[in-house]
>>> print(open('my_file_8.cif').read())   # mmCIF, C-alpha atoms and all ligand atoms
data_final
loop_
_atom_site.group_PDB
_atom_site.id
_atom_site.type_symbol
_atom_site.label_atom_id
_atom_site.label_comp_id
_atom_site.auth_asym_id
_atom_site.auth_seq_id
_atom_site.Cartn_x
_atom_site.Cartn_y
_atom_site.Cartn_z
ATOM 1 C CA MET Y 11 0.000 0.000 0.000
ATOM 2 C CA ILE Y 12 1.237 3.476 -0.866
ATOM 3 C CA THR Y 13 1.271 6.103 1.859
ATOM 4 C CA MET Y 14 0.792 9.560 0.392
ATOM 5 C CA ALA Y 15 2.027 12.165 2.837
ATOM 6 C CA SER Y 16 0.902 15.774 2.873
ATOM 7 C CA PHE Y 17 3.337 18.608 3.489
ATOM 8 C CA GLY Y 18 2.814 22.176 4.599
ATOM 9 C CA VAL Y 19 3.981 25.226 2.635
ATOM 10 C CA HIS Y 20 3.768 28.884 3.618
ATOM 11 C CA GLN Y 21 3.039 31.801 1.351
ATOM 12 C CA ILE Y 22 6.124 34.031 1.479
ATOM 13 C CA GLY Y 23 4.879 36.716 -0.878
ATOM 14 C CA VAL Y 24 2.659 37.700 -3.752
ATOM 15 C CA ILE Y 25 2.996 38.511 -7.464
ATOM 16 C CA ARG Y 26 2.069 42.059 -8.377
ATOM 17 C CA ILE Y 27 1.397 42.996 -11.994
ATOM 18 C CA GLU Y 28 0.968 46.721 -12.549
ATOM 19 C CA GLN Y 29 0.596 48.751 -15.717
ATOM 20 C CA ASP Y 30 4.331 49.410 -16.081
ATOM 21 C CA ALA Y 31 5.912 47.120 -13.485
ATOM 22 C CA CYS Y 32 5.911 43.538 -12.421
ATOM 23 C CA TYR Y 33 7.326 42.446 -9.083
ATOM 24 C CA VAL Y 34 7.322 39.855 -6.341
ATOM 25 C CA GLU Y 35 6.443 41.364 -2.976
ATOM 26 C CA ILE Y 36 8.016 39.398 -0.150
ATOM 27 C CA PHE Y 37 6.147 39.510 3.160
ATOM 28 C CA GLN Y 38 7.980 41.122 6.090
ATOM 29 C CA PRO Y 39 8.626 37.935 8.141
ATOM 30 C CA PHE Y 40 10.682 36.549 5.208
ATOM 31 C CA VAL Y 41 12.567 39.664 4.068
ATOM 32 C CA ALA Y 42 15.833 38.672 5.835
ATOM 33 C CA GLY Y 43 15.977 35.733 3.409
ATOM 34 C CA LEU Y 44 16.502 38.167 0.523
ATOM 35 C CA ARG Y 45 20.022 39.108 1.581
ATOM 36 C CA HIS Y 46 22.334 39.162 -1.518
ATOM 37 C CA ILE Y 47 19.525 38.334 -3.939
ATOM 38 C CA GLU Y 48 20.345 41.561 -5.860
ATOM 39 C CA LYS Y 49 23.685 39.991 -6.873
ATOM 40 C CA PHE Y 50 21.822 37.598 -9.185
ATOM 41 C CA SER Y 51 20.540 38.436 -12.657
ATOM 42 C CA HIS Y 52 17.980 35.618 -12.829
ATOM 43 C CA ILE Y 53 15.858 33.826 -10.271
ATOM 44 C CA PHE Y 54 13.305 31.049 -10.135
ATOM 45 C CA VAL Y 55 9.933 32.068 -8.749
ATOM 46 C CA ILE Y 56 7.982 29.154 -7.311
ATOM 47 C CA TRP Y 57 4.319 29.993 -7.017
ATOM 48 C CA TRP Y 58 0.913 28.524 -6.206
ATOM 49 C CA ILE Y 59 -1.362 28.152 -9.226
ATOM 50 C CA SER Y 60 -4.132 29.403 -6.986
ATOM 51 C CA LEU Y 61 -7.088 29.326 -9.375
ATOM 52 C CA ARG Y 62 -6.366 25.661 -10.207
ATOM 53 C CA ASP Y 63 -6.382 24.610 -6.568
ATOM 54 C CA ASN Y 64 -9.621 22.634 -6.813
ATOM 55 C CA PRO Y 65 -10.475 18.902 -6.919
ATOM 56 C CA GLN Y 66 -11.094 18.860 -10.676
ATOM 57 C CA ASP Y 67 -7.770 20.439 -11.685
ATOM 58 C CA ARG Y 68 -5.860 18.496 -9.047
ATOM 59 C CA THR Y 69 -7.082 15.143 -10.403
ATOM 60 C CA GLN Y 70 -6.682 15.873 -14.111
ATOM 61 C CA LEU Y 71 -3.669 13.871 -15.269
ATOM 62 C CA LEU Y 72 -4.067 14.104 -19.051
ATOM 63 C CA VAL Y 73 -4.243 17.425 -20.900
ATOM 64 C CA THR Y 74 -3.933 18.833 -24.398
ATOM 65 C CA PRO Y 75 -1.418 21.677 -24.319
ATOM 66 C CA PRO Y 76 -2.714 24.777 -26.147
ATOM 67 C CA LYS Y 77 -1.136 26.363 -29.212
ATOM 68 C CA LEU Y 78 0.231 23.140 -30.705
ATOM 69 C CA GLU Y 79 0.101 22.844 -34.480
ATOM 70 C CA LYS Y 80 -1.176 19.268 -34.072
ATOM 71 C CA PRO Y 81 -3.027 18.785 -30.736
ATOM 72 C CA VAL Y 82 -1.789 15.903 -28.584
ATOM 73 C CA GLU Y 83 -3.081 14.561 -25.280
ATOM 74 C CA THR Y 84 -0.216 14.154 -22.860
ATOM 75 C CA GLY Y 85 0.471 13.699 -19.149
ATOM 76 C CA VAL Y 86 0.573 16.709 -16.855
ATOM 77 C CA PHE Y 87 4.095 15.710 -15.788
ATOM 78 C CA SER Y 88 5.161 15.947 -19.447
ATOM 79 C CA CYS Y 89 4.064 19.527 -19.921
ATOM 80 C CA ARG Y 90 3.614 22.815 -18.089
ATOM 81 C CA SER Y 91 -0.137 22.511 -17.538
ATOM 82 C CA PRO Y 92 -1.525 24.622 -14.673
ATOM 83 C CA SER Y 93 -3.785 21.638 -13.826
ATOM 84 C CA ARG Y 94 -1.760 19.187 -11.754
ATOM 85 C CA PRO Y 95 -1.977 17.280 -8.442
ATOM 86 C CA ASN Y 96 0.116 19.925 -6.660
ATOM 87 C CA PRO Y 97 -0.561 23.283 -8.340
ATOM 88 C CA ILE Y 98 3.024 24.528 -8.203
ATOM 89 C CA GLY Y 99 4.211 26.987 -10.852
ATOM 90 C CA LEU Y 100 7.882 27.503 -11.679
ATOM 91 C CA THR Y 101 9.128 30.451 -13.733
ATOM 92 C CA LYS Y 102 12.675 31.622 -14.447
ATOM 93 C CA VAL Y 103 12.700 35.425 -14.627
ATOM 94 C CA GLU Y 104 15.193 38.246 -14.963
ATOM 95 C CA LEU Y 105 15.678 40.162 -11.734
ATOM 96 C CA VAL Y 106 15.682 43.778 -12.875
ATOM 97 C CA LYS Y 107 16.091 45.488 -9.482
ATOM 98 C CA VAL Y 108 15.473 44.984 -5.788
ATOM 99 C CA LYS Y 109 13.822 47.710 -3.739
ATOM 100 C CA ASN Y 110 13.166 46.871 -0.086
ATOM 101 C CA ASN Y 111 10.874 43.831 -0.110
ATOM 102 C CA ARG Y 112 10.112 44.073 -3.818
ATOM 103 C CA LEU Y 113 11.842 42.013 -6.485
ATOM 104 C CA TYR Y 114 11.202 43.761 -9.795
ATOM 105 C CA ILE Y 115 11.206 41.242 -12.658
ATOM 106 C CA ASP Y 116 10.977 41.461 -16.435
ATOM 107 C CA ARG Y 117 7.793 39.372 -16.747
ATOM 108 C CA ILE Y 118 6.040 36.360 -15.309
ATOM 109 C CA ASP Y 119 3.292 34.033 -16.507
ATOM 110 C CA ALA Y 120 1.406 34.299 -13.185
ATOM 111 C CA ILE Y 121 -1.539 36.637 -12.688
ATOM 112 C CA ASP Y 122 -1.711 39.549 -10.258
ATOM 113 C CA GLY Y 123 -2.291 38.342 -6.686
ATOM 114 C CA THR Y 124 -0.726 34.902 -7.224
ATOM 115 C CA PRO Y 125 0.776 33.514 -3.989
ATOM 116 C CA VAL Y 126 4.556 32.970 -3.978
ATOM 117 C CA LEU Y 127 6.035 29.964 -2.171
ATOM 118 C CA ASP Y 128 9.770 30.334 -2.742
ATOM 119 C CA ILE Y 129 12.557 32.179 -4.562
ATOM 120 C CA LYS Y 130 15.770 30.494 -5.695
ATOM 121 C CA PRO Y 131 18.706 31.941 -7.620
ATOM 122 C CA TYR Y 132 19.346 30.679 -11.139
ATOM 123 C CA LEU Y 133 22.834 29.179 -11.391
ATOM 124 C CA PRO Y 134 24.667 28.748 -14.733
ATOM 125 C CA GLY Y 135 25.473 25.074 -14.105
ATOM 126 C CA GLU Y 136 21.753 24.352 -14.377
ATOM 127 C CA SER Y 137 21.515 25.160 -18.075
ATOM 128 C CA VAL Y 138 21.706 22.324 -20.613
ATOM 129 C CA PRO Y 139 23.343 22.834 -24.041
ATOM 130 C CA LEU Y 140 20.682 22.921 -26.779
ATOM 131 C CA ASP Y 141 22.197 19.955 -28.651
ATOM 132 C CA LYS Y 142 21.836 17.778 -25.536
ATOM 133 C CA ILE Y 143 18.125 18.508 -25.070
ATOM 134 C CA LYS Y 144 15.619 15.827 -26.097
ATOM 135 C CA LEU Y 145 11.974 16.855 -26.613
ATOM 136 C CA PRO Y 146 8.811 15.213 -28.000
ATOM 137 C CA GLU Y 147 8.174 16.304 -31.582
ATOM 138 C CA TRP Y 148 5.274 18.591 -30.531
ATOM 139 C CA PHE Y 149 7.699 20.711 -28.481
ATOM 140 C CA GLU Y 150 10.603 20.648 -30.998
ATOM 141 C CA HIS Y 151 9.746 24.169 -32.207
ATOM 142 C CA LEU Y 152 10.721 25.483 -28.756
ATOM 143 C CA LYS Y 153 14.362 24.811 -29.653
ATOM 144 C CA ASN Y 154 14.142 27.729 -32.097
ATOM 145 C CA GLY Y 155 12.836 29.981 -29.339
ATOM 146 C CA SER Y 156 9.335 30.006 -30.869
HETATM 147 C C1 LIG Z 1 0.998 27.045 -18.375
HETATM 148 S S1 LIG Z 1 1.204 27.670 -16.733
HETATM 149 C C2 LIG Z 1 2.945 27.506 -16.546
HETATM 150 C C3 LIG Z 1 3.415 28.065 -15.251
HETATM 151 C C4 LIG Z 1 4.902 27.952 -14.990
HETATM 152 N N1 LIG Z 1 5.706 28.648 -15.983
HETATM 153 C C5 LIG Z 1 5.312 26.529 -14.898
HETATM 154 O O1 LIG Z 1 5.929 26.033 -15.842
HETATM 155 O O2 LIG Z 1 5.067 25.888 -13.884
HETATM 156 C C6 LIG Z 1 1.023 29.393 -16.969
HETATM 157 C C7 LIG Z 1 -0.428 29.802 -17.113
HETATM 158 O O3 LIG Z 1 -1.086 29.662 -15.866
HETATM 159 C C8 LIG Z 1 -2.139 30.593 -15.779
HETATM 160 N N2 LIG Z 1 -2.065 31.240 -14.466
HETATM 161 C C9 LIG Z 1 -1.257 32.222 -14.069
HETATM 162 N N3 LIG Z 1 -1.454 32.508 -12.780
HETATM 163 C C10 LIG Z 1 -2.436 31.673 -12.344
HETATM 164 C C11 LIG Z 1 -3.095 31.474 -11.096
HETATM 165 N N4 LIG Z 1 -2.772 32.180 -10.024
HETATM 166 N N5 LIG Z 1 -4.051 30.523 -11.042
HETATM 167 C C12 LIG Z 1 -4.376 29.801 -12.123
HETATM 168 N N6 LIG Z 1 -3.806 29.931 -13.332
HETATM 169 C C13 LIG Z 1 -2.837 30.862 -13.434
HETATM 170 C C14 LIG Z 1 -1.984 31.573 -16.920
HETATM 171 O O4 LIG Z 1 -2.944 31.252 -17.883
HETATM 172 C C15 LIG Z 1 -0.591 31.255 -17.468
HETATM 173 O O5 LIG Z 1 -0.510 31.449 -18.839
#
>>> encode(input="my_file_8.cif", output="structure tokens", more="lines below")
Ligand SMILES: C[S@@+](CC[C@H](N)C(=O)[O-])C[C@H]1O[C@@H](n2cnc3c(N)ncnc32)[C@H](O)[C@@H]1O
Amino acid sequence: MITMASFGVHQIGVIRIEQDACYVEIFQPFVAGLRHIEKFSHIFVIWWISLRDNPQDRTQLLVTPPKLEKPVETGVFSCRSPSRPNPIGLTKVELVKVKNNRLYIDRIDAIDGTPVLDIKPYLPGESVPLDKIKLPEWFEHLKNGS
């Protein structure tokens, strides 16, 4: 028998999308954790896909990613679907500037008000050379940056 444990996470901040700015606002109890973050050009933002936190989205395991030339049904662990058992979003962003508890970023695919769970710096050793990357044919076009 499989035991499925549950774990607790805390919201450490929130995504703010304004007309001419986009930033992660870190809540005061966690601000000390930002020390030296301004020394990094890119960060990972780990966020809660809040509007997909419902039984239907959390049990959907097969999806058809949008915008594919030829639609294909695939597993949620094989794509970036916002419907998944644990609605965790991961986005690499450019850190434009840091002002107090605000991390100004170039863009993010999360909506205004999205809860933030964690911030991690992007490290160069994590990138994979393009010629070493294997993808299913429906994602091949991403290699050209499209
Ligand atoms: C396809 S998901 C990918 C998220 C992240 N880049 C990842 O790979 O985990 C991004 C989409 O989630 C949707 N989205 C953004 N914020 C959301 C939220 N708080 N709740 C539900 N859906 C959200 C938007 O439609 C956005 O285009």
>>> residues_near_ligand(input="my_file_8.cif", ligand="ligand LIG 1 (chain Z)", cutoff="7 Å", atoms="all atoms listed in the file", output="PyMOL selection string")
chain Y and resi 58-62+90-92+98-101+119-121+124
>>> residues_around(input="my_file_8.cif", residues="Leu113 in chain Y", least_positions_apart="2", cutoff="9 Å", atoms="all atoms listed in the file", output="PyMOL selection string")
chain Y and resi 32-36+47-48+105-111+115
>>> residues_near_point(input="my_file_8.cif", point="(-3.9, 22.6, -5.0)", cutoff="7 Å", atoms="all atoms listed in the file", output="PyMOL selection string")
chain Y and resi 62-64+68+95-97
>>> atom_distance(input="my_file_8.cif", atom1="CA of Glu150 in chain Y", atom2="CA of Val73 in chain Y")
18.2 Å
>>> atom_distance(input="my_file_8.cif", atom1="CA of Asp67 in chain Y", atom2="CA of Ser93 in chain Y")
4.7 Å
>>> resolve_selection(input="my_file_8.cif", expression="the PyMOL selection byres (((chain Y and resi 132) around 6) and not hetatm)", output="list of chain:residue names")
Y:His52, Y:Ile53, Y:Pro131, Y:Leu133
>>> write_last_selection(input="my_file_8.cif", atoms="C-alpha atoms", output="PDB file, in the frame of the given file")
ATOM      1  CA  HIS Y  52      17.980  35.618 -12.829  1.00  0.00           C
ATOM      2  CA  ILE Y  53      15.858  33.826 -10.271  1.00  0.00           C
ATOM      3  CA  PRO Y 131      18.706  31.941  -7.620  1.00  0.00           C
ATOM      4  CA  LEU Y 133      22.834  29.179 -11.391  1.00  0.00           C
TER       5      LEU Y 133
END
>>> atom_distance(input="my_file_8.cif", atom1="CA of Arg94 in chain Y", atom2="CA of Thr69 in chain Y")
6.8 Å
>>> resolve_selection(input="my_file_8.cif", expression="the PyMOL selection byres (((chain Y and resi 55) around 7) and not hetatm)", output="list in words")
Ile53, Phe54, Ile56, Trp57, Leu100, Thr101, Lys102, Asp128, Ile129 and Lys130 of chain Y
>>> resolve_selection(input="my_file_8.cif", expression="the PyMOL selection byres (((chain Y and resi 126) around 6) and not hetatm)", output="PyMOL selection string")
chain Y and resi 21-24+57+125+127-128
>>> closest_residue(input="my_file_8.cif", among="Y:Gly18, Y:Pro81, Y:Pro39, Y:Pro65", to="Phe149 in chain Y", atoms="only C-alpha atoms")
Y:Pro81
>>> axis_aligned_box(input="my_file_8.cif", around="range 81-92 of chain Y", padding_each_side="6 Å", output="JSON")
{"center_x": 1.0, "center_y": 19.2, "center_z": -22.7, "size_x": 20.2, "size_y": 22.9, "size_z": 28.1}
>>> build_atoms(input="my_file_8.cif", residues="range 114-143 of chain Y", atoms="N, CA and C atoms", output="JSON list (two decimals), in the coordinates of the input")
[["chain", "number", "residue", "atom", "x", "y", "z"],
["Y", 114, "TYR", "N", 11.75, 43.37, -8.49],
["Y", 114, "TYR", "CA", 11.20, 43.76, -9.80],
["Y", 114, "TYR", "C", 11.74, 42.80, -10.85],
["Y", 115, "ILE", "N", 10.83, 42.25, -11.67],
["Y", 115, "ILE", "CA", 11.21, 41.24, -12.66],
["Y", 115, "ILE", "C", 10.73, 41.66, -14.04],
["Y", 116, "ASP", "N", 11.32, 41.03, -15.07],
["Y", 116, "ASP", "CA", 10.98, 41.46, -16.43],
["Y", 116, "ASP", "C", 9.56, 41.07, -16.83],
["Y", 117, "ARG", "N", 9.12, 39.88, -16.40],
["Y", 117, "ARG", "CA", 7.79, 39.37, -16.75],
["Y", 117, "ARG", "C", 7.57, 38.09, -15.97],
["Y", 118, "ILE", "N", 6.33, 37.67, -15.91],
["Y", 118, "ILE", "CA", 6.04, 36.36, -15.31],
["Y", 118, "ILE", "C", 4.71, 35.89, -15.86],
["Y", 119, "ASP", "N", 4.54, 34.57, -15.97],
["Y", 119, "ASP", "CA", 3.29, 34.03, -16.51],
["Y", 119, "ASP", "C", 2.28, 33.74, -15.41],
["Y", 120, "ALA", "N", 2.40, 34.40, -14.27],
["Y", 120, "ALA", "CA", 1.41, 34.30, -13.18],
["Y", 120, "ALA", "C", 0.58, 35.58, -13.16],
["Y", 121, "ILE", "N", -0.66, 35.46, -12.72],
["Y", 121, "ILE", "CA", -1.54, 36.64, -12.69],
["Y", 121, "ILE", "C", -1.33, 37.44, -11.40],
["Y", 122, "ASP", "N", -1.81, 38.67, -11.43],
["Y", 122, "ASP", "CA", -1.71, 39.55, -10.26],
["Y", 122, "ASP", "C", -2.39, 38.88, -9.05],
["Y", 123, "GLY", "N", -1.72, 38.91, -7.91],
["Y", 123, "GLY", "CA", -2.29, 38.34, -6.69],
["Y", 123, "GLY", "C", -1.90, 36.89, -6.46],
["Y", 124, "THR", "N", -1.13, 36.31, -7.37],
["Y", 124, "THR", "CA", -0.73, 34.90, -7.22],
["Y", 124, "THR", "C", 0.20, 34.73, -6.01],
["Y", 125, "PRO", "N", -0.09, 33.75, -5.15],
["Y", 125, "PRO", "CA", 0.78, 33.51, -3.99],
["Y", 125, "PRO", "C", 2.15, 32.97, -4.40],
["Y", 126, "VAL", "N", 3.19, 33.43, -3.71],
["Y", 126, "VAL", "CA", 4.56, 32.97, -3.98],
["Y", 126, "VAL", "C", 4.99, 32.07, -2.82],
["Y", 127, "LEU", "N", 5.62, 30.94, -3.18],
["Y", 127, "LEU", "CA", 6.04, 29.96, -2.17],
["Y", 127, "LEU", "C", 7.52, 30.02, -1.89],
["Y", 128, "ASP", "N", 8.32, 30.38, -2.92],
["Y", 128, "ASP", "CA", 9.77, 30.33, -2.74],
["Y", 128, "ASP", "C", 10.46, 31.12, -3.86],
["Y", 129, "ILE", "N", 11.68, 31.52, -3.60],
["Y", 129, "ILE", "CA", 12.56, 32.18, -4.56],
["Y", 129, "ILE", "C", 13.88, 31.44, -4.50],
["Y", 130, "LYS", "N", 14.43, 31.11, -5.67],
["Y", 130, "LYS", "CA", 15.77, 30.49, -5.70],
["Y", 130, "LYS", "C", 16.58, 31.15, -6.79],
["Y", 131, "PRO", "N", 17.89, 31.34, -6.56],
["Y", 131, "PRO", "CA", 18.71, 31.94, -7.62],
["Y", 131, "PRO", "C", 18.92, 30.96, -8.76],
["Y", 132, "TYR", "N", 19.01, 31.50, -9.97],
["Y", 132, "TYR", "CA", 19.35, 30.68, -11.14],
["Y", 132, "TYR", "C", 20.86, 30.60, -11.23],
["Y", 133, "LEU", "N", 21.38, 29.38, -11.33],
["Y", 133, "LEU", "CA", 22.83, 29.18, -11.39],
["Y", 133, "LEU", "C", 23.21, 28.63, -12.77],
["Y", 134, "PRO", "N", 24.32, 29.12, -13.36],
["Y", 134, "PRO", "CA", 24.67, 28.75, -14.73],
["Y", 134, "PRO", "C", 24.80, 27.24, -14.94],
["Y", 135, "GLY", "N", 25.28, 26.52, -13.95],
["Y", 135, "GLY", "CA", 25.47, 25.07, -14.10],
["Y", 135, "GLY", "C", 24.18, 24.33, -14.38],
["Y", 136, "GLU", "N", 23.04, 25.02, -14.20],
["Y", 136, "GLU", "CA", 21.75, 24.35, -14.38],
["Y", 136, "GLU", "C", 21.29, 24.34, -15.83],
["Y", 137, "SER", "N", 21.97, 25.12, -16.69],
["Y", 137, "SER", "CA", 21.52, 25.16, -18.08],
["Y", 137, "SER", "C", 22.07, 23.96, -18.83],
["Y", 138, "VAL", "N", 21.33, 23.50, -19.82],
["Y", 138, "VAL", "CA", 21.71, 22.32, -20.61],
["Y", 138, "VAL", "C", 21.96, 22.79, -22.05],
["Y", 139, "PRO", "N", 23.10, 22.41, -22.66],
["Y", 139, "PRO", "CA", 23.34, 22.83, -24.04],
["Y", 139, "PRO", "C", 22.21, 22.35, -24.95],
["Y", 140, "LEU", "N", 21.82, 23.21, -25.90],
["Y", 140, "LEU", "CA", 20.68, 22.92, -26.78],
["Y", 140, "LEU", "C", 20.81, 21.56, -27.47],
["Y", 141, "ASP", "N", 22.04, 21.21, -27.90],
["Y", 141, "ASP", "CA", 22.20, 19.95, -28.65],
["Y", 141, "ASP", "C", 22.08, 18.72, -27.75],
["Y", 142, "LYS", "N", 21.99, 18.92, -26.47],
["Y", 142, "LYS", "CA", 21.84, 17.78, -25.54],
["Y", 142, "LYS", "C", 20.38, 17.61, -25.08],
["Y", 143, "ILE", "N", 19.51, 18.53, -25.53],
["Y", 143, "ILE", "CA", 18.12, 18.51, -25.07],
["Y", 143, "ILE", "C", 17.26, 17.65, -25.97]]
